[in-house]
Amino acid sequence: MKLINFRWQQLILSLGCLLLIIACQSLYPNNPDAKSLKVATDPTFVPFEIQTASGNLEGFDIDLMNAIAKVAGFAVQFESLPFDGMISTLQAKRVDAAISGITITAERLKTIAFSRPYFKAGLAIAVREDNQNIKNFNSLKGKKIAVQIGSTGADFAKTIPNAKINTFNSGPEFFQDLLNGNVDAVISDAFATLYAIKNGKLKGIRVVADLLTEEYYGIAMPKNSPHLDAINKGIATLLSNSNYKQIYQKWFDAEPPQLPDS
């Protein structure tokens, strides 16, 4: 009798373990391509990418990429990289993806792939608080403009008649040049600029007029990336539940806008 009871206990224990394994697989489905993805990011693009004093990465893009990875079933290995080197690094397939407020453009789509849009953004003009001469795009004619190398702000600045364009590797550099009076204005991402002003990181600077452009950020990948579908499904899942909204509100304290599928 004791032997029978023991065998029943073994059977029940085995069934319990099997059910636990099935439950775990349903929460974290097996993915034949599951691996650690090397993802490039430029940790100077606050609040999308921030490197803390301890060396850790945080920010909207970092939280979003980690959330996508959790849903899609892969791990993320972030690699810090200057923004102007990301496209060439992706083309050479030295990283699996890049997330750093990278605007989806027709020109970039010729050489790399993008996920579905994950953020609606735009370019803005920033000037010193005491500057009353620059009010809009037309006011920028013939002025000294600071931009980040490889950004859509740099591309946009080329359309300004007779403008003298100064290029920099990161936001802190060109904003400091603006404060020092070496340039008249900065053209950069509106959300990053407003966030920095709001949090006291850019004292003496203000944003003028409306957005110059309407842009969408995407996660960049090499052409024909095997991870594109998984990342797109991850973004779609986060948009359909409350996770994307929670991440957006954490960093921008606002309701997220509607995003297109492609």
# chains A, B, ... in the order shown; residues from 1 in each chain; ligands from 1

call {"tool": "select_by_dssp", "arguments": {"residues": "segment 73-256 of chain A", "states": "strand (DSSP E)", "output": "number ranges by chain"}}
result
A: 75-80, 97-98, 112-114, 119-121, 123-128, 144-148, 164-168, 185-189, 205-208, 215-217, 220-222

call {"tool": "closest_atom_pairs", "arguments": {"of": "segment 27-119 of chain A", "to": "segment 222-232 of chain A", "cutoff": "9 Å", "atoms": "only C-alpha atoms", "output": "CSV"}}
result
residue,atom,partner,partner_atom,distance
A:Asp33,CA,A:His227,CA,7.9
A:Leu37,CA,A:His227,CA,8.9
A:Met65,CA,A:Ile231,CA,9.0
A:Ile68,CA,A:Ile231,CA,6.6
A:Ala69,CA,A:Ile231,CA,7.7
A:Val71,CA,A:Ala230,CA,8.9
A:Ala72,CA,A:Ala230,CA,5.7
A:Gly73,CA,A:Ala230,CA,8.6
A:Ile87,CA,A:Pro222,CA,8.7
A:Thr89,CA,A:Pro222,CA,8.9
A:Leu90,CA,A:Pro222,CA,5.2
A:Gln91,CA,A:Pro222,CA,5.7
A:Ala92,CA,A:Pro222,CA,8.0
A:Lys93,CA,A:Pro222,CA,6.2
A:Val95,CA,A:Pro222,CA,8.3
A:Asp96,CA,A:Pro222,CA,7.0
A:Ala97,CA,A:Pro222,CA,7.1
A:Leu109,CA,A:Lys223,CA,8.7
A:Lys110,CA,A:Lys223,CA,8.9
A:Thr111,CA,A:Lys223,CA,6.9
A:Ile112,CA,A:Lys223,CA,4.9
A:Ala113,CA,A:Lys223,CA,5.0
A:Phe114,CA,A:Leu228,CA,7.8
A:Ser115,CA,A:Asn232,CA,5.8
A:Arg116,CA,A:Asn232,CA,6.1

call {"tool": "closest_residue", "arguments": {"among": "A:Ile102, A:Leu259, A:Ala220, A:Val208", "to": "Ala236 of chain A", "atoms": "only C-alpha atoms"}}
result
A:Leu259

call {"tool": "select_by_dssp", "arguments": {"residues": "segment 65-122 of chain A", "states": "alpha helix (DSSP H)", "output": "MDAnalysis selection string"}}
result
chainID A and resid 65:72 86:91

call {"tool": "write_last_selection", "arguments": {"atoms": "all heavy atoms", "output": "compact mmCIF listing (two decimals), in the first residue's frame"}}
result
# COMPACT_ATOMS: atom_id res chain seq x y z
N MET A 65 13.04 49.15 -25.53
CA MET A 65 13.76 48.02 -26.12
C MET A 65 13.77 46.83 -25.19
O MET A 65 13.59 45.67 -25.62
CB MET A 65 15.19 48.45 -26.45
CG MET A 65 15.93 47.49 -27.36
SD MET A 65 15.30 47.54 -29.05
CE MET A 65 15.28 45.80 -29.47
N ASN A 66 13.94 47.06 -23.91
CA ASN A 66 13.90 45.96 -22.94
C ASN A 66 12.52 45.33 -22.87
O ASN A 66 12.39 44.10 -22.75
CB ASN A 66 14.32 46.46 -21.56
CG ASN A 66 15.83 46.64 -21.44
OD1 ASN A 66 16.60 45.90 -22.04
ND2 ASN A 66 16.25 47.62 -20.66
N ALA A 67 11.47 46.15 -22.97
CA ALA A 67 10.10 45.63 -22.95
C ALA A 67 9.81 44.82 -24.21
O ALA A 67 9.15 43.77 -24.15
CB ALA A 67 9.10 46.78 -22.82
N ILE A 68 10.28 45.28 -25.36
CA ILE A 68 10.11 44.54 -26.61
C ILE A 68 10.82 43.19 -26.51
O ILE A 68 10.27 42.15 -26.91
CB ILE A 68 10.68 45.34 -27.81
CG1 ILE A 68 9.82 46.58 -28.06
CG2 ILE A 68 10.74 44.48 -29.07
CD1 ILE A 68 10.44 47.57 -29.03
N ALA A 69 12.03 43.19 -25.98
CA ALA A 69 12.81 41.96 -25.84
C ALA A 69 12.10 40.95 -24.95
O ALA A 69 12.07 39.75 -25.25
CB ALA A 69 14.19 42.28 -25.28
N LYS A 70 11.49 41.44 -23.88
CA LYS A 70 10.78 40.54 -22.97
C LYS A 70 9.60 39.89 -23.66
O LYS A 70 9.35 38.68 -23.51
CB LYS A 70 10.30 41.32 -21.74
CG LYS A 70 9.65 40.46 -20.67
CD LYS A 70 9.33 41.28 -19.43
CE LYS A 70 8.71 40.41 -18.34
NZ LYS A 70 8.38 41.18 -17.13
N VAL A 71 8.87 40.68 -24.46
CA VAL A 71 7.72 40.14 -25.19
C VAL A 71 8.16 39.19 -26.30
O VAL A 71 7.57 38.13 -26.52
CB VAL A 71 6.88 41.30 -25.78
CG1 VAL A 71 5.82 40.76 -26.74
CG2 VAL A 71 6.21 42.09 -24.67
N ALA A 72 9.22 39.58 -27.02
CA ALA A 72 9.65 38.81 -28.19
C ALA A 72 10.54 37.62 -27.84
O ALA A 72 10.79 36.76 -28.69
CB ALA A 72 10.38 39.73 -29.17
N MET A 86 26.09 55.00 -36.65
CA MET A 86 25.12 53.89 -36.53
C MET A 86 24.73 53.28 -37.87
O MET A 86 24.65 52.06 -38.01
CB MET A 86 23.88 54.37 -35.79
CG MET A 86 24.13 54.55 -34.31
SD MET A 86 22.64 54.85 -33.38
CE MET A 86 23.35 55.09 -31.75
N ILE A 87 24.48 54.12 -38.87
CA ILE A 87 24.02 53.60 -40.16
C ILE A 87 25.09 52.70 -40.78
O ILE A 87 24.80 51.59 -41.23
CB ILE A 87 23.67 54.75 -41.12
CG1 ILE A 87 22.61 55.67 -40.50
CG2 ILE A 87 23.18 54.19 -42.45
CD1 ILE A 87 21.31 55.01 -40.15
N SER A 88 26.33 53.17 -40.79
CA SER A 88 27.41 52.36 -41.37
C SER A 88 27.65 51.08 -40.58
O SER A 88 27.97 50.03 -41.15
CB SER A 88 28.70 53.18 -41.45
OG SER A 88 29.10 53.62 -40.16
N THR A 89 27.48 51.15 -39.25
CA THR A 89 27.65 49.95 -38.42
C THR A 89 26.56 48.93 -38.72
O THR A 89 26.83 47.72 -38.76
CB THR A 89 27.62 50.34 -36.92
OG1 THR A 89 28.67 51.28 -36.66
CG2 THR A 89 27.82 49.12 -36.04
N LEU A 90 25.34 49.40 -38.94
CA LEU A 90 24.25 48.50 -39.32
C LEU A 90 24.49 47.90 -40.69
O LEU A 90 24.25 46.70 -40.90
CB LEU A 90 22.92 49.26 -39.31
CG LEU A 90 22.35 49.62 -37.93
CD1 LEU A 90 21.25 50.67 -38.07
CD2 LEU A 90 21.80 48.37 -37.24
N GLN A 91 24.96 48.71 -41.62
CA GLN A 91 25.23 48.21 -42.97
C GLN A 91 26.29 47.10 -42.94
O GLN A 91 26.21 46.14 -43.70
CB GLN A 91 25.69 49.35 -43.87
CG GLN A 91 24.58 50.33 -44.23
CD GLN A 91 25.11 51.52 -45.02
OE1 GLN A 91 26.00 52.23 -44.58
NE2 GLN A 91 24.56 51.73 -46.20

call {"tool": "closest_residue", "arguments": {"among": "A:Ser139, A:Leu57, A:Ala190, A:Lys233", "to": "Glu214 of chain A", "atoms": "only C-alpha atoms"}}
result
A:Ala190

call {"tool": "residues_around", "arguments": {"residues": "Gly122 of chain A", "least_positions_apart": "2", "cutoff": "10 Å", "atoms": "only C-alpha atoms", "output": "list of chain:residue names"}}
result
A:Thr103, A:Phe119, A:Lys120, A:Ala124, A:Thr152, A:Gly153, A:Ser188, A:Asp189, A:Ala190, A:Phe191, A:Asp210, A:Leu211, A:Leu212, A:Thr213, A:Glu214, A:Glu215, A:Tyr216, A:Tyr217

call {"tool": "residues_around", "arguments": {"residues": "Gln246 of chain A", "least_positions_apart": "4", "cutoff": "12 Å", "atoms": "only C-alpha atoms", "output": "VMD selection string"}}
result
chain A and resid 60 63 to 64 67 238 to 242 250 to 256

call {"tool": "closest_residue", "arguments": {"among": "A:Asn131, A:Ala126, A:Asn243, A:Gly204", "to": "Ile187 of chain A", "atoms": "only C-alpha atoms"}}
result
A:Ala126
